[in-house]
>>> print(open('data31.cif').read())   # mmCIF, C-alpha atoms and all ligand atoms
data_coords
#
loop_
_atom_site.label_atom_id
_atom_site.label_comp_id
_atom_site.auth_asym_id
_atom_site.auth_seq_id
_atom_site.Cartn_x
_atom_site.Cartn_y
_atom_site.Cartn_z
CA MET A 5 82.27 85.92 94.50
CA LYS A 6 81.66 85.85 90.75
CA LYS A 7 82.57 89.36 89.50
CA ILE A 8 85.08 90.99 91.78
CA LEU A 9 86.10 94.66 91.68
CA VAL A 10 89.42 95.42 93.40
CA THR A 11 90.49 98.98 94.30
CA GLY A 12 94.14 99.90 94.92
CA SER A 13 95.06 96.76 93.01
CA LEU A 14 98.63 97.76 92.11
CA GLY A 15 99.73 97.88 95.75
CA GLN A 16 101.52 95.28 97.86
CA ILE A 17 98.41 93.16 98.49
CA GLY A 18 96.48 93.81 95.28
CA THR A 19 99.32 92.84 92.96
CA GLU A 20 99.30 89.27 94.30
CA LEU A 21 95.61 89.04 95.23
CA VAL A 22 94.42 89.92 91.71
CA GLU A 23 96.64 87.24 90.18
CA LYS A 24 95.52 84.61 92.70
CA MET A 25 91.83 85.44 92.34
CA ARG A 26 92.06 85.48 88.54
CA GLY A 27 93.48 81.95 88.81
CA ILE A 28 90.49 80.85 90.91
CA TYR A 29 87.57 82.88 89.53
CA GLY A 30 88.72 83.50 85.94
CA ASN A 31 90.72 86.36 84.39
CA ASP A 32 87.67 88.27 83.14
CA ASN A 33 85.93 88.07 86.51
CA VAL A 34 88.45 90.10 88.49
CA ILE A 35 88.35 93.81 87.57
CA ALA A 36 91.52 95.49 88.78
CA THR A 37 91.50 99.26 89.39
CA ASP A 38 93.98 101.80 90.70
CA LEU A 39 94.74 105.51 90.66
CA ARG A 40 97.75 104.75 88.46
CA LYS A 41 98.43 102.39 85.56
CA VAL A 42 101.68 100.45 85.22
CA GLU A 43 102.11 99.19 81.65
CA GLY A 44 103.50 95.67 81.42
CA ASN A 45 102.22 94.76 84.90
CA PRO A 46 100.15 91.52 84.82
CA VAL A 47 97.46 93.20 86.97
CA VAL A 48 96.92 95.62 84.06
CA ASP A 49 97.55 93.24 81.16
CA ALA A 50 96.12 89.84 82.17
CA GLY A 51 92.50 90.89 82.71
CA PRO A 52 90.21 93.92 82.90
CA PHE A 53 91.84 97.05 84.34
CA GLU A 54 90.34 100.52 84.88
CA LEU A 55 91.84 103.74 86.21
CA LEU A 56 89.86 104.69 89.34
CA ASP A 57 90.37 107.28 92.05
CA VAL A 58 88.34 105.96 94.99
CA THR A 59 87.46 109.48 96.08
CA ASP A 60 85.33 109.69 92.89
CA ALA A 61 82.10 107.99 93.99
CA GLN A 62 80.35 108.21 90.62
CA ALA A 63 83.30 106.71 88.74
CA MET A 64 83.42 103.79 91.18
CA HIS A 65 79.69 103.20 90.79
CA ASP A 66 79.95 103.34 86.98
CA ILE A 67 82.81 100.82 86.82
CA ALA A 68 81.12 98.42 89.25
CA LYS A 69 77.89 98.64 87.23
CA LYS A 70 79.65 98.28 83.86
CA TYR A 71 81.15 94.94 84.95
CA ASN A 72 78.13 93.74 87.00
CA ALA A 73 80.33 93.44 90.08
CA ASP A 74 78.90 91.33 92.92
CA THR A 75 81.94 91.74 95.21
CA ILE A 76 84.17 94.70 96.12
CA ILE A 77 87.62 94.21 97.62
CA HIS A 78 88.56 97.69 98.75
CA LEU A 79 92.33 98.00 99.20
CA ALA A 80 93.10 101.62 98.25
CA ALA A 81 94.44 103.47 101.29
CA LEU A 82 97.47 105.31 102.66
CA LEU A 83 99.51 103.24 105.14
CA SER A 84 100.57 104.28 108.63
CA ALA A 85 103.79 106.23 108.03
CA VAL A 86 102.47 108.05 104.96
CA ALA A 87 99.16 108.79 106.71
CA GLU A 88 101.02 110.28 109.67
CA ALA A 89 102.97 112.56 107.31
CA LYS A 90 99.79 113.64 105.44
CA PRO A 91 96.89 113.23 107.89
CA GLN A 92 94.30 115.33 106.02
CA VAL A 93 95.01 113.54 102.72
CA ALA A 94 94.82 110.22 104.57
CA TRP A 95 91.42 111.09 106.00
CA ASN A 96 90.12 111.97 102.53
CA ILE A 97 91.40 108.80 100.87
CA ASN A 98 91.01 106.30 103.71
CA MET A 99 87.59 107.42 104.91
CA GLY A 100 86.25 109.07 101.74
CA GLY A 101 87.25 106.09 99.62
CA LEU A 102 85.78 103.63 102.09
CA VAL A 103 82.39 105.29 102.38
CA ASN A 104 82.21 105.57 98.57
CA ALA A 105 83.01 101.86 98.22
CA LEU A 106 80.43 100.92 100.87
CA GLU A 107 77.81 103.04 99.11
CA VAL A 108 78.49 101.24 95.80
CA ALA A 109 78.21 97.91 97.64
CA ARG A 110 74.86 99.02 99.12
CA GLU A 111 73.50 100.35 95.81
CA LEU A 112 74.57 97.34 93.72
CA ASP A 113 74.14 94.66 96.43
CA CYS A 114 77.81 93.59 96.52
CA GLN A 115 79.65 91.50 99.10
CA PHE A 116 82.39 93.67 100.62
CA PHE A 117 85.90 93.21 102.04
CA THR A 118 88.34 95.82 103.33
CA PRO A 119 91.36 95.24 105.57
CA SER A 120 91.79 96.83 108.95
CA SER A 121 95.16 96.60 110.71
CA ILE A 122 96.96 96.06 114.00
CA GLY A 123 97.16 99.85 113.68
CA ALA A 124 93.53 99.93 114.91
CA PHE A 125 94.96 99.36 118.41
CA GLY A 126 96.68 101.97 120.56
CA PRO A 127 98.81 102.44 123.66
CA SER A 128 95.97 101.64 126.10
CA THR A 129 95.19 98.31 124.36
CA PRO A 130 96.48 95.17 126.15
CA LYS A 131 99.85 94.61 124.45
CA VAL A 132 100.29 90.84 124.66
CA GLY A 133 97.62 88.39 123.50
CA THR A 134 95.53 91.39 122.42
CA PRO A 135 91.91 90.14 122.47
CA GLN A 136 89.52 90.34 119.52
CA ASP A 137 87.24 92.70 121.42
CA THR A 138 89.20 95.22 123.48
CA ILE A 139 90.11 98.88 123.97
CA GLN A 140 90.80 100.66 120.65
CA ARG A 141 92.09 104.19 121.20
CA PRO A 142 94.85 104.60 118.56
CA GLN A 143 96.71 107.92 118.42
CA THR A 144 97.69 107.87 114.72
CA MET A 145 95.60 109.10 111.77
CA TYR A 146 95.92 105.60 110.24
CA GLY A 147 94.59 104.04 113.46
CA VAL A 148 91.73 106.53 113.69
CA ASN A 149 90.83 105.66 110.07
CA LYS A 150 90.99 101.91 110.75
CA VAL A 151 88.79 102.02 113.88
CA ALA A 152 86.27 104.30 112.15
CA GLY A 153 86.41 101.99 109.11
CA GLU A 154 85.67 98.89 111.19
CA LEU A 155 82.68 100.66 112.77
CA LEU A 156 81.45 101.96 109.42
CA CYS A 157 81.57 98.46 107.90
CA ASP A 158 79.63 97.07 110.87
CA TYR A 159 77.13 99.92 110.42
CA TYR A 160 76.58 99.07 106.75
CA TYR A 161 76.06 95.42 107.69
CA LYS A 162 73.57 96.14 110.47
CA LYS A 163 71.75 99.11 108.93
CA PHE A 164 71.67 98.13 105.25
CA GLY A 165 72.42 94.39 105.24
CA VAL A 166 75.64 94.78 103.21
CA ASP A 167 77.71 91.60 103.65
CA THR A 168 80.84 93.34 104.97
CA ARG A 169 83.83 91.31 106.18
CA GLY A 170 87.35 92.28 107.25
CA VAL A 171 90.55 91.31 109.04
CA ARG A 172 93.08 93.23 111.09
CA PHE A 173 96.22 92.45 109.12
CA PRO A 174 99.60 92.53 110.82
CA GLY A 175 102.69 93.66 108.86
CA LEU A 176 102.71 91.80 105.54
CA ILE A 177 105.93 90.47 104.07
CA SER A 178 106.22 89.73 100.36
CA TYR A 179 108.66 89.61 97.45
CA VAL A 180 106.47 90.69 94.50
CA ALA A 181 105.39 94.32 95.05
CA PRO A 182 107.14 96.64 97.53
CA PRO A 183 105.28 97.85 100.63
CA GLY A 184 103.61 101.24 100.36
CA GLY A 185 104.93 103.26 103.33
CA GLY A 186 104.05 101.46 106.55
CA THR A 187 105.72 101.04 109.93
CA THR A 188 106.37 97.32 109.38
CA ASP A 189 108.15 97.80 106.01
CA TYR A 190 111.55 97.14 107.64
CA ALA A 191 110.68 93.44 107.75
CA VAL A 192 110.54 93.44 103.92
CA ASP A 193 113.46 95.81 103.26
CA ILE A 194 115.79 93.69 105.41
CA TYR A 195 115.61 90.75 102.97
CA TYR A 196 116.47 92.91 99.94
CA GLU A 197 119.40 94.54 101.76
CA ALA A 198 120.64 91.21 103.11
CA LEU A 199 120.93 89.88 99.54
CA LYS A 200 122.25 93.10 98.00
CA ASN A 201 124.63 94.46 100.67
CA LYS A 202 124.85 91.78 103.41
CA LYS A 203 123.89 94.44 105.94
CA TYR A 204 120.83 96.40 107.06
CA THR A 205 120.21 99.53 109.11
CA SER A 206 116.92 99.13 110.95
CA TYR A 207 114.69 102.14 111.62
CA ILE A 208 112.80 100.08 114.20
CA ASP A 209 114.64 99.58 117.49
CA LYS A 210 115.73 96.26 118.97
CA GLY A 211 113.19 94.75 121.34
CA THR A 212 110.19 96.13 119.38
CA TYR A 213 107.82 93.22 118.77
CA MET A 214 105.13 93.43 116.09
CA ASP A 215 102.85 90.84 114.51
CA MET A 216 103.67 89.83 110.94
CA MET A 217 102.42 87.48 108.20
CA TYR A 218 103.74 86.15 104.89
CA MET A 219 101.68 87.23 101.87
CA PRO A 220 100.46 83.73 100.82
CA ASP A 221 98.75 83.39 104.22
CA ALA A 222 97.24 86.87 103.88
CA LEU A 223 95.76 86.07 100.45
CA ASN A 224 94.29 82.78 101.70
CA ALA A 225 92.79 84.62 104.67
CA ILE A 226 90.96 87.10 102.42
CA ILE A 227 89.54 84.37 100.18
CA ASN A 228 88.65 82.02 103.04
CA LEU A 229 86.87 84.74 104.99
CA MET A 230 84.94 85.87 101.91
CA GLU A 231 83.91 82.27 101.18
CA ALA A 232 83.04 81.52 104.84
CA ASP A 233 79.51 80.54 105.84
CA PRO A 234 77.96 83.81 107.09
CA SER A 235 75.93 81.99 109.73
CA LYS A 236 79.22 81.09 111.50
CA LEU A 237 80.44 84.71 111.69
CA GLN A 238 79.78 86.33 115.05
CA HIS A 239 82.32 89.04 114.23
CA ARG A 240 82.76 90.72 110.87
CA ASN A 241 84.84 93.89 111.04
CA ALA A 242 87.44 92.99 111.76
CA PHE A 243 89.10 89.70 112.76
CA ASN A 244 92.51 89.65 114.46
CA ILE A 245 94.86 87.51 112.38
CA ALA A 246 98.64 87.03 112.63
CA ALA A 247 101.22 84.35 111.89
CA MET A 248 104.28 85.37 113.92
CA SER A 249 105.55 88.07 116.24
CA PHE A 250 109.22 89.09 116.24
CA GLU A 251 111.61 91.95 116.92
CA PRO A 252 114.42 93.06 114.57
CA GLU A 253 117.14 90.93 116.24
CA GLN A 254 115.10 87.78 115.60
CA ILE A 255 114.55 88.33 111.89
CA ALA A 256 118.25 89.27 111.54
CA ALA A 257 119.27 86.04 113.32
CA GLU A 258 117.06 84.00 110.99
CA ILE A 259 118.61 85.66 107.91
CA LYS A 260 122.11 85.00 109.33
CA LYS A 261 121.38 81.26 109.17
CA HIS A 262 121.29 81.66 105.37
CA ILE A 263 123.79 84.54 104.96
CA PRO A 264 126.35 84.17 107.80
CA GLU A 265 128.15 87.45 106.99
CA PHE A 266 124.91 89.47 107.35
CA THR A 267 125.04 92.27 109.96
CA MET A 268 122.48 94.75 111.23
CA ASP A 269 122.76 98.10 112.99
CA TYR A 270 120.19 100.71 114.00
CA ASN A 271 119.22 104.26 113.07
CA VAL A 272 115.84 104.55 114.75
CA ASP A 273 113.20 106.72 113.07
CA PRO A 274 111.32 108.39 115.95
CA ILE A 275 108.04 108.67 114.03
CA ARG A 276 107.77 105.04 112.94
CA GLN A 277 109.19 103.88 116.29
CA ALA A 278 106.44 105.78 118.15
CA ILE A 279 103.82 104.16 115.93
CA ALA A 280 105.32 100.71 116.52
CA ASN A 281 105.45 101.32 120.30
CA SER A 282 101.72 102.03 120.28
CA TRP A 283 100.84 98.73 118.54
CA PRO A 284 100.45 95.31 120.16
CA ASP A 285 103.37 92.90 120.59
CA SER A 286 101.14 89.95 119.67
CA ILE A 287 97.42 89.62 118.99
CA ASP A 288 95.05 86.77 119.79
CA CYS A 289 93.48 85.13 116.71
CA ALA A 290 91.03 82.77 118.49
CA ALA A 291 87.89 84.34 116.98
CA ALA A 292 89.18 83.97 113.39
CA GLN A 293 90.22 80.38 114.10
CA ALA A 294 86.84 79.48 115.64
CA GLU A 295 84.53 81.33 113.24
CA TRP A 296 86.10 80.63 109.82
CA GLY A 297 89.05 78.30 110.43
CA PHE A 298 91.90 80.82 110.04
CA LYS A 299 95.30 79.11 109.99
CA ALA A 300 98.71 80.43 108.86
CA GLU A 301 101.21 78.12 107.15
CA TYR A 302 104.36 80.26 107.43
CA ASP A 303 106.41 80.95 110.55
CA LEU A 304 109.57 83.10 110.59
CA ALA A 305 111.92 80.27 109.57
CA LYS A 306 109.77 78.99 106.68
CA MET A 307 109.06 82.52 105.44
CA THR A 308 112.76 83.50 105.54
CA THR A 309 113.80 80.48 103.47
CA ASP A 310 111.10 81.23 100.89
CA MET A 311 111.73 85.02 100.77
CA LEU A 312 115.46 84.60 100.17
CA GLU A 313 114.88 81.93 97.51
CA LYS A 314 112.21 83.92 95.66
CA LEU A 315 114.18 87.20 95.76
CA ALA A 316 117.28 85.40 94.46
CA GLU A 317 115.16 83.94 91.62
CA LYS A 318 114.08 87.55 90.82
CA GLY A 319 117.77 88.44 90.45
CA ILE A 320 118.08 90.42 93.70
CA LYS A 321 121.74 90.13 94.75
P1 LIG A 401 99.80 99.85 99.15
O1 LIG A 401 100.19 101.19 99.68
O2 LIG A 401 100.87 98.90 98.75
O3 LIG A 401 98.83 100.03 97.89
C1 LIG A 401 97.77 100.93 97.91
C2 LIG A 401 97.33 101.16 96.47
O4 LIG A 401 96.26 102.10 96.52
C3 LIG A 401 98.42 101.75 95.58
O5 LIG A 401 98.56 100.97 94.39
C4 LIG A 401 97.94 103.16 95.27
O6 LIG A 401 98.26 103.58 93.94
C5 LIG A 401 96.44 103.01 95.44
N1 LIG A 401 95.79 104.28 95.78
C6 LIG A 401 96.21 105.25 96.60
N2 LIG A 401 95.32 106.26 96.60
C7 LIG A 401 94.32 105.90 95.78
C8 LIG A 401 93.12 106.50 95.36
N3 LIG A 401 92.75 107.73 95.78
N4 LIG A 401 92.32 105.84 94.51
C9 LIG A 401 92.66 104.61 94.06
N5 LIG A 401 93.79 103.98 94.38
C10 LIG A 401 94.61 104.63 95.25
O7 LIG A 401 98.83 99.19 100.23
P2 LIG A 401 98.64 97.64 100.58
O8 LIG A 401 99.77 97.25 101.46
O9 LIG A 401 98.34 96.86 99.38
O10 LIG A 401 97.37 97.76 101.56
C11 LIG A 401 96.05 97.58 101.11
C12 LIG A 401 95.13 97.69 102.30
O11 LIG A 401 95.53 96.74 103.30
C13 LIG A 401 95.13 99.06 103.01
O12 LIG A 401 93.85 99.32 103.51
C14 LIG A 401 96.07 98.84 104.18
O13 LIG A 401 95.81 99.71 105.24
C15 LIG A 401 95.75 97.41 104.54
N6 LIG A 401 96.82 96.77 105.30
C16 LIG A 401 98.01 96.52 104.71
C17 LIG A 401 99.02 95.93 105.47
C18 LIG A 401 100.37 95.63 104.88
O14 LIG A 401 101.30 95.26 105.63
N7 LIG A 401 100.55 95.75 103.56
C19 LIG A 401 98.79 95.60 106.82
C20 LIG A 401 97.56 95.91 107.38
C21 LIG A 401 96.56 96.47 106.60
C1 LIG A 402 101.71 99.55 108.25
O1 LIG A 402 102.81 99.35 108.83
O2 LIG A 402 101.19 100.67 108.12
C2 LIG A 402 100.97 98.36 107.74
C3 LIG A 402 100.01 97.88 108.78
C4 LIG A 402 100.44 96.91 109.79
O3 LIG A 402 98.89 98.30 108.78
N1 LIG A 402 101.92 97.36 107.33
#
>>> encode(input="data31.cif", output="structure tokens")
Amino acid sequence: MKKILVTGSLGQIGTELVEKMRGIYGNDNVIATDLRKVEGNPVVDAGPFELLDVTDAQAMHDIAKKYNADTIIHLAALLSAVAEAKPQVAWNINMGGLVNALEVARELDCQFFTPSSIGAFGPSTPKVGTPQDTIQRPQTMYGVNKVAGELLCDYYYKKFGVDTRGVRFPGLISYVAPPGGGTTDYAVDIYYEALKNKKYTSYIDKGTYMDMMYMPDALNAIINLMEADPSKLQHRNAFNIAAMSFEPEQIAAEIKKHIPEFTMDYNVDPIRQAIANSWPDSIDCAAAQAEWGFKAEYDLAKMTTDMLEKLAEKGIK
């Protein structure tokens, strides 16, 4: 990775990934792009930034060529709850954007990364210890996009030799940029509300387990997989990775250790609850561990301490 083009770079992942990669590869070597521009944001100000709608194939090609990109990190997408509300728009952005990005990678010989998700699994998938290779019959537009995306990336690798790599991210928890409309967002919102109001109303019901990961582990996973020796990769699109699995009562109990007066109640959102019910409780990460040494540093306790500290430093109270 020498010249890296990032799409959707102002989102939850891109905001932190661009900064981390600019620290490693050099400010001028990470070209951030997004549909929108946020003045004063370091992603826009600290290195090259271009407006790019990923459904515009020619514009993506032109920007990649202008900067001599040798790597594409394709992040632009609609997340599960938004995709379920606007399925046709989600298809256009999630699939149209992906095939455009893969075409640019093929034409300009770029290494390629795009994230899949635990949303690529569905109700008929084994729910506990979900294997790397298993049944994938999701019933959400987001899940349909993610399964099709995994297959498309494998196709570009096998048919055209594009070096495509990907992970199935669980819910990502972070304190820098807000999440963009997913099912797992409650596990971020709860920290803000705990500091601001000492209480939280969860839209996900008690007893609903989902895999999660703290953002520093997610960023390391992207970079480590992209730097991994290709001869060791038996899988490519996409590796199961997770750091913890919990249900709302458990994250609330962890927060209570720091904020004893914190309370939580429930007002379950049937749409996001149905999505969560169709996802695994906990996935098996053995392939990622064996093939490129995946390891997460943060568990629920360590993440909670860090989240509350970092949000307090940001002035959230
Ligand atoms: P996000 O919603 O926070 O950010 C997406 C970004 O894409 C936004 O900045 C948005 O402006 C941009 N965008 C939307 N439409 C666009 C378009 N047509 N052209 C260009 N940019 C456009 O998303 P994120 O959380 O950063 O997720 C990035 C990727 O990671 C997605 O593929 C998502 O499915 C995947 N993922 C995320 C999580 C998570 O918990 N955050 C978990 C699993 C997988
Ligand atoms: C979402 O909830 O949509 C994302 C994901 C797990 O893909 N956080």
>>> residues_around(input="data31.cif", residues="A:Ser235", least_positions_apart="5", cutoff="12 Å", atoms="only C-alpha atoms", output="ChimeraX atom specification")
/A:167,240,295-296
>>> residues_near_ligand(input="data31.cif", ligand="ligand LIG 402 (chain A)", cutoff="7 Å", atoms="all atoms listed in the file", output="short mmCIF file (atom, residue, chain, number, x, y, z; two decimals) with C-alpha atoms, keeping the file's coordinate frame")
data_model
loop_
_atom_site.label_atom_id
_atom_site.label_comp_id
_atom_site.auth_asym_id
_atom_site.auth_seq_id
_atom_site.Cartn_x
_atom_site.Cartn_y
_atom_site.Cartn_z
CA LEU A 83 99.51 103.24 105.14
CA SER A 84 100.57 104.28 108.63
CA ALA A 85 103.79 106.23 108.03
CA SER A 121 95.16 96.60 110.71
CA ILE A 122 96.96 96.06 114.00
CA GLY A 123 97.16 99.85 113.68
CA PHE A 173 96.22 92.45 109.12
CA PRO A 174 99.60 92.53 110.82
CA GLY A 175 102.69 93.66 108.86
CA LEU A 176 102.71 91.80 105.54
CA GLY A 185 104.93 103.26 103.33
CA GLY A 186 104.05 101.46 106.55
CA THR A 187 105.72 101.04 109.93
CA THR A 188 106.37 97.32 109.38
CA ASP A 189 108.15 97.80 106.01
#
>>> residues_near_ligand(input="data31.cif", ligand="ligand LIG 401 (chain A)", cutoff="7 Å", atoms="all atoms listed in the file", output="short mmCIF file (atom, residue, chain, number, x, y, z; two decimals) with C-alpha atoms, keeping the file's coordinate frame")
data_model
loop_
_atom_site.label_atom_id
_atom_site.label_comp_id
_atom_site.auth_asym_id
_atom_site.auth_seq_id
_atom_site.Cartn_x
_atom_site.Cartn_y
_atom_site.Cartn_z
CA THR A 11 90.49 98.98 94.30
CA GLY A 12 94.14 99.90 94.92
CA SER A 13 95.06 96.76 93.01
CA LEU A 14 98.63 97.76 92.11
CA GLY A 15 99.73 97.88 95.75
CA GLN A 16 101.52 95.28 97.86
CA ILE A 17 98.41 93.16 98.49
CA GLY A 18 96.48 93.81 95.28
CA ASP A 38 93.98 101.80 90.70
CA LEU A 39 94.74 105.51 90.66
CA ARG A 40 97.75 104.75 88.46
CA LEU A 56 89.86 104.69 89.34
CA ASP A 57 90.37 107.28 92.05
CA VAL A 58 88.34 105.96 94.99
CA THR A 59 87.46 109.48 96.08
CA LEU A 79 92.33 98.00 99.20
CA ALA A 80 93.10 101.62 98.25
CA ALA A 81 94.44 103.47 101.29
CA LEU A 82 97.47 105.31 102.66
CA LEU A 83 99.51 103.24 105.14
CA ILE A 97 91.40 108.80 100.87
CA GLY A 101 87.25 106.09 99.62
CA THR A 118 88.34 95.82 103.33
CA PRO A 119 91.36 95.24 105.57
CA SER A 120 91.79 96.83 108.95
CA SER A 121 95.16 96.60 110.71
CA ILE A 122 96.96 96.06 114.00
CA ARG A 172 93.08 93.23 111.09
CA PHE A 173 96.22 92.45 109.12
CA PRO A 174 99.60 92.53 110.82
CA GLY A 175 102.69 93.66 108.86
CA LEU A 176 102.71 91.80 105.54
CA ILE A 177 105.93 90.47 104.07
CA PRO A 182 107.14 96.64 97.53
CA PRO A 183 105.28 97.85 100.63
CA GLY A 184 103.61 101.24 100.36
CA GLY A 185 104.93 103.26 103.33
CA GLY A 186 104.05 101.46 106.55
CA THR A 188 106.37 97.32 109.38
#
>>> closest_residue(input="data31.cif", among="A:Tyr218, A:Phe117, A:Tyr146, A:Tyr196", to="A:Glu20", atoms="all atoms listed in the file")
A:Tyr218
>>> closest_residue(input="data31.cif", among="A:Gly133, A:Gly100, A:Gly30, A:Pro264", to="A:Leu199", atoms="all atoms listed in the file")
A:Pro264
>>> closest_residue(input="data31.cif", among="A:Ala36, A:Ile76, A:Met214, A:Ile139", to="A:Ile279", atoms="only C-alpha atoms")
A:Met214
>>> atom_distance(input="data31.cif", atom1="atom CA of A:Pro274", atom2="atom CA of A:Tyr190")
14.0 Å
>>> closest_residue(input="data31.cif", among="A:Val148, A:Lys131, A:Phe125, A:Ile77", to="A:Ala94", atoms="all atoms listed in the file")
A:Val148
>>> closest_residue(input="data31.cif", among="A:Ala73, A:Val34, A:Leu304, A:Ala242", to="A:Ala292", atoms="only C-alpha atoms")
A:Ala242
>>> atom_distance(input="data31.cif", atom1="atom CA of A:Ala294", atom2="atom CA of A:Lys162")
21.9 Å
>>> closest_residue(input="data31.cif", among="A:Gly297, A:Thr308, A:Asp215, A:Thr205", to="A:Ala257", atoms="all atoms listed in the file")
A:Thr308
>>> atom_distance(input="data31.cif", atom1="atom CA of A:Ala300", atom2="atom CA of A:Ala246")
7.6 Å
>>> axis_aligned_box(input="data31.cif", around="stretch 97-109 of chain A", padding_each_side="8 Å", output="lines of an AutoDock Vina configuration file")
center_x = 84.6
center_y = 103.5
center_z = 100.4
size_x = 29.6
size_y = 27.2
size_z = 25.1
>>> residues_around(input="data31.cif", residues="A:Val151", least_positions_apart="4", cutoff="8 Å", atoms="only C-alpha atoms", output="list of chain:residue names")
A:Ser120, A:Ala124, A:Gln140, A:Gly147, A:Leu155
>>> residues_around(input="data31.cif", residues="A:Cys114", least_positions_apart="3", cutoff="12 Å", atoms="all atoms listed in the file", output="ChimeraX atom specification")
/A:5-9,65,68-69,72-78,105-111,117,160-161,164-169,230
>>> residues_near_point(input="data31.cif", point="(124.9, 96.6, 111.3)", cutoff="9 Å", atoms="all atoms listed in the file", output="PyMOL selection string")
chain A and resi 203-206+266-270
>>> write_last_selection(input="data31.cif", atoms="C-alpha atoms", output="mmCIF file, in the coordinates of the input")
data_model
loop_
_atom_site.group_PDB
_atom_site.id
_atom_site.type_symbol
_atom_site.label_atom_id
_atom_site.label_comp_id
_atom_site.auth_asym_id
_atom_site.auth_seq_id
_atom_site.Cartn_x
_atom_site.Cartn_y
_atom_site.Cartn_z
ATOM 1 C CA LYS A 203 123.890 94.440 105.940
ATOM 2 C CA TYR A 204 120.830 96.400 107.060
ATOM 3 C CA THR A 205 120.210 99.530 109.110
ATOM 4 C CA SER A 206 116.920 99.130 110.950
ATOM 5 C CA PHE A 266 124.910 89.470 107.350
ATOM 6 C CA THR A 267 125.040 92.270 109.960
ATOM 7 C CA MET A 268 122.480 94.750 111.230
ATOM 8 C CA ASP A 269 122.760 98.100 112.990
ATOM 9 C CA TYR A 270 120.190 100.710 114.000
#
>>> residues_around(input="data31.cif", residues="A:Thr129", least_positions_apart="5", cutoff="12 Å", atoms="only C-alpha atoms", output="VMD selection string")
chain A and resid 122 to 124 134 to 143 281 to 287
>>> write_last_selection(input="data31.cif", atoms="C-alpha atoms", output="PDB file, in the coordinates of the input")
ATOM      1  CA  ILE A 122      96.960  96.060 114.000  1.00  0.00           C
ATOM      2  CA  GLY A 123      97.160  99.850 113.680  1.00  0.00           C
ATOM      3  CA  ALA A 124      93.530  99.930 114.910  1.00  0.00           C
ATOM      4  CA  THR A 134      95.530  91.390 122.420  1.00  0.00           C
ATOM      5  CA  PRO A 135      91.910  90.140 122.470  1.00  0.00           C
ATOM      6  CA  GLN A 136      89.520  90.340 119.520  1.00  0.00           C
ATOM      7  CA  ASP A 137      87.240  92.700 121.420  1.00  0.00           C
ATOM      8  CA  THR A 138      89.200  95.220 123.480  1.00  0.00           C
ATOM      9  CA  ILE A 139      90.110  98.880 123.970  1.00  0.00           C
ATOM     10  CA  GLN A 140      90.800 100.660 120.650  1.00  0.00           C
ATOM     11  CA  ARG A 141      92.090 104.190 121.200  1.00  0.00           C
ATOM     12  CA  PRO A 142      94.850 104.600 118.560  1.00  0.00           C
ATOM     13  CA  GLN A 143      96.710 107.920 118.420  1.00  0.00           C
ATOM     14  CA  ASN A 281     105.450 101.320 120.300  1.00  0.00           C
ATOM     15  CA  SER A 282     101.720 102.030 120.280  1.00  0.00           C
ATOM     16  CA  TRP A 283     100.840  98.730 118.540  1.00  0.00           C
ATOM     17  CA  PRO A 284     100.450  95.310 120.160  1.00  0.00           C
ATOM     18  CA  ASP A 285     103.370  92.900 120.590  1.00  0.00           C
ATOM     19  CA  SER A 286     101.140  89.950 119.670  1.00  0.00           C
ATOM     20  CA  ILE A 287      97.420  89.620 118.990  1.00  0.00           C
TER      21      ILE A 287
END
>>> residues_near_point(input="data31.cif", point="(120.8, 86.6, 102.7)", cutoff="6 Å", atoms="all atoms listed in the file", output="PyMOL selection string")
chain A and resi 198-199+259+262-263
